[in-house]
$ cat model.pdb   # PDB, C-alpha atoms
ATOM      1  CA  MET A   1      11.203 -28.003  11.445
ATOM      2  CA  ALA A   2      10.029 -24.626  10.094
ATOM      3  CA  LYS A   3       6.850 -23.058  11.413
ATOM      4  CA  LEU A   4       3.864 -23.387   9.055
ATOM      5  CA  LEU A   5       2.666 -20.098   7.596
ATOM      6  CA  VAL A   6      -0.854 -21.416   7.001
ATOM      7  CA  THR A   7      -1.930 -23.627   9.873
ATOM      8  CA  ASP A   8      -4.961 -25.913   9.637
ATOM      9  CA  GLU A   9      -6.881 -23.572  11.964
ATOM     10  CA  LEU A  10      -6.155 -20.541   9.750
ATOM     11  CA  TRP A  11      -6.979 -22.480   6.592
ATOM     12  CA  GLU A  12     -10.392 -23.472   8.003
ATOM     13  CA  LEU A  13     -11.171 -19.757   8.401
ATOM     14  CA  VAL A  14      -9.833 -18.670   5.002
ATOM     15  CA  GLU A  15     -11.064 -21.445   2.703
ATOM     16  CA  PRO A  16     -14.799 -20.579   2.784
ATOM     17  CA  LEU A  17     -14.001 -16.953   1.857
ATOM     18  CA  LEU A  18     -12.118 -17.805  -1.343
ATOM     19  CA  PRO A  19     -13.887 -17.624  -4.715
ATOM     20  CA  THR A  20     -14.223 -20.795  -6.745
ATOM     21  CA  HIS A  21     -12.186 -21.299  -9.902
ATOM     22  CA  ARG A  22     -13.921 -21.489 -13.241
ATOM     23  CA  LEU A  23     -12.206 -23.864 -15.635
ATOM     24  CA  SER A  24     -11.675 -22.558 -19.135
ATOM     25  CA  PRO A  25     -13.676 -24.349 -21.865
ATOM     26  CA  LYS A  26     -10.455 -24.329 -23.905
ATOM     27  CA  GLY A  27      -8.696 -26.459 -21.289
ATOM     28  CA  GLY A  28      -5.246 -25.572 -20.024
ATOM     29  CA  LYS A  29      -3.399 -26.169 -16.795
ATOM     30  CA  PRO A  30      -5.507 -26.617 -13.677
ATOM     31  CA  PRO A  31      -5.205 -23.735 -11.214
ATOM     32  CA  VAL A  32      -2.644 -23.919  -8.423
ATOM     33  CA  ASP A  33      -4.092 -24.997  -5.075
ATOM     34  CA  ASP A  34      -5.380 -22.044  -3.035
ATOM     35  CA  ARG A  35      -3.549 -23.127   0.109
ATOM     36  CA  VAL A  36      -0.233 -23.180  -1.785
ATOM     37  CA  CYS A  37      -0.983 -19.677  -3.089
ATOM     38  CA  LEU A  38      -1.912 -18.343   0.350
ATOM     39  CA  THR A  39       1.290 -19.804   1.785
ATOM     40  CA  GLY A  40       3.289 -18.203  -1.024
ATOM     41  CA  ILE A  41       1.608 -14.807  -0.603
ATOM     42  CA  LEU A  42       2.298 -14.836   3.130
ATOM     43  CA  PHE A  43       5.895 -15.905   2.468
ATOM     44  CA  VAL A  44       6.483 -12.992   0.069
ATOM     45  CA  LEU A  45       4.849 -10.503   2.427
ATOM     46  CA  LYS A  46       6.779 -11.824   5.433
ATOM     47  CA  THR A  47      10.221 -11.991   3.791
ATOM     48  CA  GLY A  48       9.882  -8.976   1.508
ATOM     49  CA  ILE A  49      11.338 -10.719  -1.539
ATOM     50  CA  PRO A  50      10.180  -9.556  -4.976
ATOM     51  CA  TRP A  51       7.368 -11.568  -6.543
ATOM     52  CA  GLU A  52       9.591 -12.665  -9.426
ATOM     53  CA  ASP A  53      12.177 -14.097  -6.989
ATOM     54  CA  PHE A  54       9.685 -16.452  -5.333
ATOM     55  CA  PRO A  55      11.200 -19.977  -5.328
ATOM     56  CA  GLN A  56       9.230 -22.249  -7.652
ATOM     57  CA  GLU A  57      10.139 -25.166  -5.409
ATOM     58  CA  MET A  58       7.321 -23.963  -3.131
ATOM     59  CA  GLY A  59       4.700 -24.981  -5.694
ATOM     60  CA  CYS A  60       4.093 -22.048  -8.048
ATOM     61  CA  CYS A  61       5.656 -18.925  -9.523
ATOM     62  CA  GLY A  62       5.551 -15.390  -8.206
ATOM     63  CA  MET A  63       3.327 -14.145 -11.019
ATOM     64  CA  THR A  64       0.673 -16.707 -10.087
ATOM     65  CA  LEU A  65       0.820 -15.458  -6.505
ATOM     66  CA  TRP A  66       0.546 -11.845  -7.593
ATOM     67  CA  ASN A  67      -2.448 -12.615  -9.831
ATOM     68  CA  ARG A  68      -4.181 -14.599  -7.082
ATOM     69  CA  LEU A  69      -3.556 -11.761  -4.586
ATOM     70  CA  ARG A  70      -5.111  -9.299  -7.058
ATOM     71  CA  ASP A  71      -8.110 -11.558  -7.715
ATOM     72  CA  TRP A  72      -8.719 -12.105  -4.012
ATOM     73  CA  GLN A  73      -8.461  -8.376  -3.370
ATOM     74  CA  LYS A  74     -11.111  -7.704  -6.047
ATOM     75  CA  ALA A  75     -13.333 -10.408  -4.528
ATOM     76  CA  GLY A  76     -13.094  -8.786  -1.077
ATOM     77  CA  VAL A  77     -11.404 -11.799   0.550
ATOM     78  CA  TRP A  78      -8.947  -9.727   2.617
ATOM     79  CA  GLN A  79     -11.636  -7.412   4.017
ATOM     80  CA  LYS A  80     -13.848 -10.361   4.978
ATOM     81  CA  LEU A  81     -10.892 -12.178   6.551
ATOM     82  CA  HIS A  82      -9.929  -9.066   8.519
ATOM     83  CA  GLU A  83     -13.469  -8.695   9.876
ATOM     84  CA  LEU A  84     -13.662 -12.421  10.694
ATOM     85  CA  LEU A  85     -10.355 -12.417  12.583
ATOM     86  CA  LEU A  86     -11.301  -9.244  14.488
ATOM     87  CA  ALA A  87     -14.627 -10.799  15.512
ATOM     88  CA  LYS A  88     -12.835 -13.966  16.619
ATOM     89  CA  LEU A  89     -10.296 -11.992  18.664
ATOM     90  CA  ARG A  90     -13.005  -9.770  20.134
ATOM     91  CA  GLY A  91     -15.033 -12.845  21.137
ATOM     92  CA  ALA A  92     -11.989 -14.293  22.907
ATOM     93  CA  ASP A  93     -11.319 -10.918  24.592
ATOM     94  CA  GLU A  94      -7.856 -10.803  22.991
ATOM     95  CA  ILE A  95      -7.960  -7.188  21.737
ATOM     96  CA  ASP A  96      -6.358  -4.570  23.984
ATOM     97  CA  PHE A  97      -8.408  -1.394  23.489
ATOM     98  CA  THR A  98      -6.241   0.649  25.883
ATOM     99  CA  ARG A  99      -3.845   1.428  23.036
ATOM    100  CA  VAL A 100      -6.389   2.488  20.416
ATOM    101  CA  ILE A 101      -6.134   5.882  18.721
ATOM    102  CA  VAL A 102      -8.461   7.575  16.263
ATOM    103  CA  ASP A 103      -6.895   8.991  13.129
ATOM    104  CA  SER A 104      -8.528  11.814  11.224
ATOM    105  CA  GLY A 105      -7.861   9.913   8.022
ATOM    106  CA  SER A 106     -10.434   7.318   9.031
ATOM    107  CA  VAL A 107     -12.930   9.458  10.977
ATOM    108  CA  ARG A 108     -15.011  12.027   9.155
ATOM    109  CA  ALA A 109     -14.814  15.622  10.383
ATOM    110  CA  VAL A 110     -18.443  16.734  10.596
ATOM    111  CA  PHE A 111     -19.063  20.168   9.030
ATOM    112  CA  GLY A 112     -15.408  20.423   8.013
ATOM    113  CA  GLY A 113     -14.079  21.837  11.286
ATOM    114  CA  THR A 114     -13.021  25.455  11.674
ATOM    115  CA  LYS A 115     -11.743  27.325   8.656
ATOM    116  CA  ARG A 116      -8.425  29.112   8.690
ATOM    117  CA  ALA A 117      -8.004  32.707   7.602
ATOM    118  CA  GLN A 118      -7.080  33.333   3.972
ATOM    119  CA  ILE A 119      -3.374  33.787   3.331
ATOM    120  CA  LEU A 120      -2.724  37.012   1.451
ATOM    121  CA  PRO A 121      -0.399  36.841  -1.546
ATOM    122  CA  ILE A 122       3.013  38.388  -1.166
ATOM    123  CA  GLY A 123       3.730  41.267  -3.552
ATOM    124  CA  ARG A 124       6.967  41.918  -5.408
ATOM    125  CA  ARG A 125       9.638  43.454  -3.243
ATOM    126  CA  THR A 126      10.998  46.765  -4.409
ATOM    127  CA  ASP A 127      13.962  47.012  -2.053
ATOM    128  CA  PRO A 128      17.287  45.525  -3.154
ATOM    129  CA  SER A 129      18.128  41.980  -2.217
ATOM    130  CA  THR A 130      20.870  41.285   0.281
ATOM    131  CA  ILE A 131      21.882  38.219  -1.692
ATOM    132  CA  SER A 132      23.075  39.947  -4.839
ATOM    133  CA  SER A 133      25.958  38.966  -7.030
ATOM    134  CA  SER A 134      28.287  41.189  -9.006
ATOM    135  CA  THR A 135      28.463  38.571 -11.775
ATOM    136  CA  LEU A 136      25.730  37.728 -14.205
ATOM    137  CA  THR A 137      24.416  34.227 -13.631
ATOM    138  CA  GLY A 138      21.348  32.416 -14.740
ATOM    139  CA  CYS A 139      20.601  33.550 -18.290
ATOM    140  CA  ARG A 140      23.312  33.657 -20.912
ATOM    141  CA  TRP A 141      21.583  36.297 -23.074
ATOM    142  CA  ARG A 142      22.285  39.787 -21.827
ATOM    143  CA  ARG A 143      18.907  41.215 -22.813
ATOM    144  CA  ASN A 144      17.128  38.771 -20.463
ATOM    145  CA  SER A 145      19.602  39.135 -17.613
ATOM    146  CA  PRO A 146      18.519  41.132 -14.598
ATOM    147  CA  ALA A 147      20.200  44.409 -13.872
ATOM    148  CA  LEU A 148      23.008  44.246 -11.379
ATOM    149  CA  THR A 149      22.234  45.518  -7.899
ATOM    150  CA  VAL A 150      24.895  46.067  -5.341
ATOM    151  CA  THR A 151      23.964  46.360  -1.705
ATOM    152  CA  MET A 152      26.086  47.580   1.122
TER     153      MET A 152
END
$ encode --input "model.pdb" --output "structure tokens"
Amino acid sequence: MAKLLVTDELWELVEPLLPTHRLSPKGGKPPVDDRVCLTGILFVLKTGIPWEDFPQEMGCCGMTLWNRLRDWQKAGVWQKLHELLLAKLRGADEIDFTRVIVDSGSVRAVFGGTKRAQILPIGRRTDPSTISSSTLTGCRWRRNSPALTVTM
């Protein structure tokens, strides 16, 4: 039997974080179950298949999954879940801090660090180039073509 992507233990942590669905006054189809959507999202992220190729036999279509992922992102579900799981792992002493690094992309550099010297612009060279050609290339109009330079 295949391993469950959303176990009962994981679902108990995730379910309280999910926003409630508001039914449309115009009616329509009821929303797909959140647990089915979470399973589908994890399946797509784990396998790497495109959203539109998600098998509908699993309970919904890929567009529904993509919309639910977007809605949950806007509601802050993933950030809250991340913090909850980190707290749970930290409480069980399951995080190995010996392999932690600090990246400058996530830590602010106070006062901007040291400044580098200004790079001076390079002027136009007056000496002939060593990579010259005896044929005109580049522009097909003679008046815009550079003068030929031959170097020895």
$ residues_around --input "model.pdb" --residues "range 35-41 of chain A" --least-positions-apart "4" --cutoff "7 Å" --atoms "all atoms listed in the file" --output "list in words"
Leu5, Val6, Leu45, Gly59 and Leu65 of chain A
$ atom_distance --input "model.pdb" --atom1 "CA of Pro16 in chain A" --atom2 "CA of Trp78 in chain A"
12.3 Å
$ atom_distance --input "model.pdb" --atom1 "CA of Arg70 in chain A" --atom2 "CA of Trp11 in chain A"
19.1 Å
$ residues_around --input "model.pdb" --residues "Ile95 in chain A" --least-positions-apart "5" --cutoff "9 Å" --atoms "all atoms listed in the file" --output "PyMOL selection string"
chain A and resi 86+89-90
$ residues_near_point --input "model.pdb" --point "(9.1, -12.4, -11.7)" --cutoff "8 Å" --atoms "all atoms listed in the file" --output "list in words"
Pro50, Trp51, Glu52, Asp53, Phe54, Cys61, Gly62 and Met63 of chain A
$ decode --input "model.pdb" --residues "range 31-47 of chain A" --atoms "all heavy atoms" --output "mmCIF file, in the first residue's frame"
data_model
loop_
_atom_site.group_PDB
_atom_site.id
_atom_site.type_symbol
_atom_site.label_atom_id
_atom_site.label_comp_id
_atom_site.auth_asym_id
_atom_site.auth_seq_id
_atom_site.Cartn_x
_atom_site.Cartn_y
_atom_site.Cartn_z
ATOM 1 N N PRO A 31 -17.244 23.401 -2.315
ATOM 2 C CA PRO A 31 -15.794 23.352 -2.474
ATOM 3 C C PRO A 31 -15.242 21.946 -2.207
ATOM 4 O O PRO A 31 -15.819 21.176 -1.451
ATOM 5 C CB PRO A 31 -15.272 24.351 -1.446
ATOM 6 C CG PRO A 31 -16.367 24.529 -0.470
ATOM 7 C CD PRO A 31 -17.643 24.246 -1.195
ATOM 8 N N VAL A 32 -14.137 21.653 -2.860
ATOM 9 C CA VAL A 32 -13.461 20.368 -2.666
ATOM 10 C C VAL A 32 -12.921 20.324 -1.240
ATOM 11 O O VAL A 32 -12.477 21.341 -0.689
ATOM 12 C CB VAL A 32 -12.318 20.211 -3.696
ATOM 13 C CG1 VAL A 32 -11.557 18.921 -3.491
ATOM 14 C CG2 VAL A 32 -12.862 20.287 -5.108
ATOM 15 N N ASP A 33 -12.947 19.160 -0.637
ATOM 16 C CA ASP A 33 -12.467 18.972 0.731
ATOM 17 C C ASP A 33 -11.011 19.442 0.850
ATOM 18 O O ASP A 33 -10.185 19.178 -0.017
ATOM 19 C CB ASP A 33 -12.585 17.494 1.103
ATOM 20 C CG ASP A 33 -12.169 17.233 2.530
ATOM 21 O OD1 ASP A 33 -12.620 17.974 3.424
ATOM 22 O OD2 ASP A 33 -11.373 16.294 2.739
ATOM 23 N N ASP A 34 -10.712 20.142 1.942
ATOM 24 C CA ASP A 34 -9.368 20.683 2.149
ATOM 25 C C ASP A 34 -8.307 19.592 2.234
ATOM 26 O O ASP A 34 -7.185 19.777 1.766
ATOM 27 C CB ASP A 34 -9.336 21.535 3.422
ATOM 28 C CG ASP A 34 -10.021 22.872 3.241
ATOM 29 O OD1 ASP A 34 -10.069 23.360 2.094
ATOM 30 O OD2 ASP A 34 -10.502 23.432 4.238
ATOM 31 N N ARG A 35 -8.636 18.468 2.836
ATOM 32 C CA ARG A 35 -7.647 17.398 2.958
ATOM 33 C C ARG A 35 -7.298 16.817 1.587
ATOM 34 O O ARG A 35 -6.143 16.494 1.320
ATOM 35 C CB ARG A 35 -8.158 16.295 3.892
ATOM 36 C CG ARG A 35 -7.091 15.277 4.205
ATOM 37 C CD ARG A 35 -7.484 14.390 5.348
ATOM 38 N NE ARG A 35 -6.402 13.475 5.683
ATOM 39 C CZ ARG A 35 -6.378 12.726 6.755
ATOM 40 N NH1 ARG A 35 -7.365 12.782 7.622
ATOM 41 N NH2 ARG A 35 -5.372 11.923 6.987
ATOM 42 N N VAL A 36 -8.283 16.713 0.699
ATOM 43 C CA VAL A 36 -8.031 16.252 -0.665
ATOM 44 C C VAL A 36 -7.117 17.250 -1.372
ATOM 45 O O VAL A 36 -6.167 16.859 -2.067
ATOM 46 C CB VAL A 36 -9.362 16.069 -1.429
ATOM 47 C CG1 VAL A 36 -9.110 15.805 -2.903
ATOM 48 C CG2 VAL A 36 -10.175 14.955 -0.813
ATOM 49 N N CYS A 37 -7.377 18.542 -1.186
ATOM 50 C CA CYS A 37 -6.544 19.569 -1.816
ATOM 51 C C CYS A 37 -5.119 19.553 -1.269
ATOM 52 O O CYS A 37 -4.160 19.666 -2.038
ATOM 53 C CB CYS A 37 -7.167 20.940 -1.626
ATOM 54 S SG CYS A 37 -8.603 21.210 -2.656
ATOM 55 N N LEU A 38 -4.968 19.416 0.031
ATOM 56 C CA LEU A 38 -3.618 19.364 0.606
ATOM 57 C C LEU A 38 -2.862 18.149 0.083
ATOM 58 O O LEU A 38 -1.684 18.242 -0.272
ATOM 59 C CB LEU A 38 -3.686 19.337 2.134
ATOM 60 C CG LEU A 38 -2.341 19.295 2.852
ATOM 61 C CD1 LEU A 38 -1.516 20.537 2.537
ATOM 62 C CD2 LEU A 38 -2.533 19.161 4.349
ATOM 63 N N THR A 39 -3.534 17.013 -0.005
ATOM 64 C CA THR A 39 -2.907 15.813 -0.548
ATOM 65 C C THR A 39 -2.489 16.049 -1.999
ATOM 66 O O THR A 39 -1.381 15.687 -2.401
ATOM 67 C CB THR A 39 -3.865 14.615 -0.464
ATOM 68 O OG1 THR A 39 -4.255 14.431 0.900
ATOM 69 C CG2 THR A 39 -3.223 13.351 -0.978
ATOM 70 N N GLY A 40 -3.352 16.674 -2.777
ATOM 71 C CA GLY A 40 -3.034 16.957 -4.171
ATOM 72 C C GLY A 40 -1.881 17.926 -4.325
ATOM 73 O O GLY A 40 -1.001 17.750 -5.176
ATOM 74 N N ILE A 41 -1.852 18.979 -3.501
ATOM 75 C CA ILE A 41 -0.760 19.954 -3.551
ATOM 76 C C ILE A 41 0.565 19.271 -3.227
ATOM 77 O O ILE A 41 1.571 19.463 -3.915
ATOM 78 C CB ILE A 41 -1.047 21.131 -2.597
ATOM 79 C CG1 ILE A 41 -2.200 21.976 -3.132
ATOM 80 C CG2 ILE A 41 0.196 21.988 -2.401
ATOM 81 C CD1 ILE A 41 -2.735 22.986 -2.145
ATOM 82 N N LEU A 42 0.569 18.464 -2.169
ATOM 83 C CA LEU A 42 1.799 17.757 -1.808
ATOM 84 C C LEU A 42 2.220 16.771 -2.887
ATOM 85 O O LEU A 42 3.411 16.601 -3.159
ATOM 86 C CB LEU A 42 1.618 17.041 -0.466
ATOM 87 C CG LEU A 42 1.460 17.945 0.748
ATOM 88 C CD1 LEU A 42 1.221 17.117 2.003
ATOM 89 C CD2 LEU A 42 2.654 18.858 0.921
ATOM 90 N N PHE A 43 1.243 16.140 -3.547
ATOM 91 C CA PHE A 43 1.549 15.208 -4.630
ATOM 92 C C PHE A 43 2.218 15.928 -5.800
ATOM 93 O O PHE A 43 3.223 15.469 -6.337
ATOM 94 C CB PHE A 43 0.262 14.516 -5.096
ATOM 95 C CG PHE A 43 0.467 13.538 -6.211
ATOM 96 C CD1 PHE A 43 0.944 12.269 -5.960
ATOM 97 C CD2 PHE A 43 0.198 13.895 -7.530
ATOM 98 C CE1 PHE A 43 1.145 11.351 -6.990
ATOM 99 C CE2 PHE A 43 0.392 12.992 -8.569
ATOM 100 C CZ PHE A 43 0.869 11.720 -8.291
ATOM 101 N N VAL A 44 1.677 17.087 -6.184
ATOM 102 C CA VAL A 44 2.258 17.854 -7.291
ATOM 103 C C VAL A 44 3.662 18.341 -6.922
ATOM 104 O O VAL A 44 4.594 18.249 -7.729
ATOM 105 C CB VAL A 44 1.344 19.045 -7.669
ATOM 106 C CG1 VAL A 44 2.050 20.012 -8.597
ATOM 107 C CG2 VAL A 44 0.062 18.544 -8.302
ATOM 108 N N LEU A 45 3.826 18.827 -5.710
ATOM 109 C CA LEU A 45 5.136 19.327 -5.298
ATOM 110 C C LEU A 45 6.157 18.200 -5.165
ATOM 111 O O LEU A 45 7.338 18.390 -5.443
ATOM 112 C CB LEU A 45 5.017 20.097 -3.980
ATOM 113 C CG LEU A 45 4.178 21.372 -4.046
ATOM 114 C CD1 LEU A 45 4.058 22.002 -2.667
ATOM 115 C CD2 LEU A 45 4.756 22.354 -5.045
ATOM 116 N N LYS A 46 5.709 17.026 -4.751
ATOM 117 C CA LYS A 46 6.623 15.894 -4.583
ATOM 118 C C LYS A 46 7.012 15.279 -5.923
ATOM 119 O O LYS A 46 8.174 14.947 -6.146
ATOM 120 C CB LYS A 46 5.972 14.835 -3.695
ATOM 121 C CG LYS A 46 6.878 13.677 -3.381
ATOM 122 C CD LYS A 46 6.239 12.729 -2.394
ATOM 123 C CE LYS A 46 7.203 11.588 -2.106
ATOM 124 N NZ LYS A 46 6.702 10.703 -1.086
ATOM 125 N N THR A 47 6.062 15.134 -6.845
ATOM 126 C CA THR A 47 6.352 14.480 -8.120
ATOM 127 C C THR A 47 6.872 15.444 -9.170
ATOM 128 O O THR A 47 7.571 15.025 -10.087
ATOM 129 C CB THR A 47 5.085 13.794 -8.678
ATOM 130 O OG1 THR A 47 4.075 14.784 -8.902
ATOM 131 C CG2 THR A 47 4.594 12.717 -7.735
#
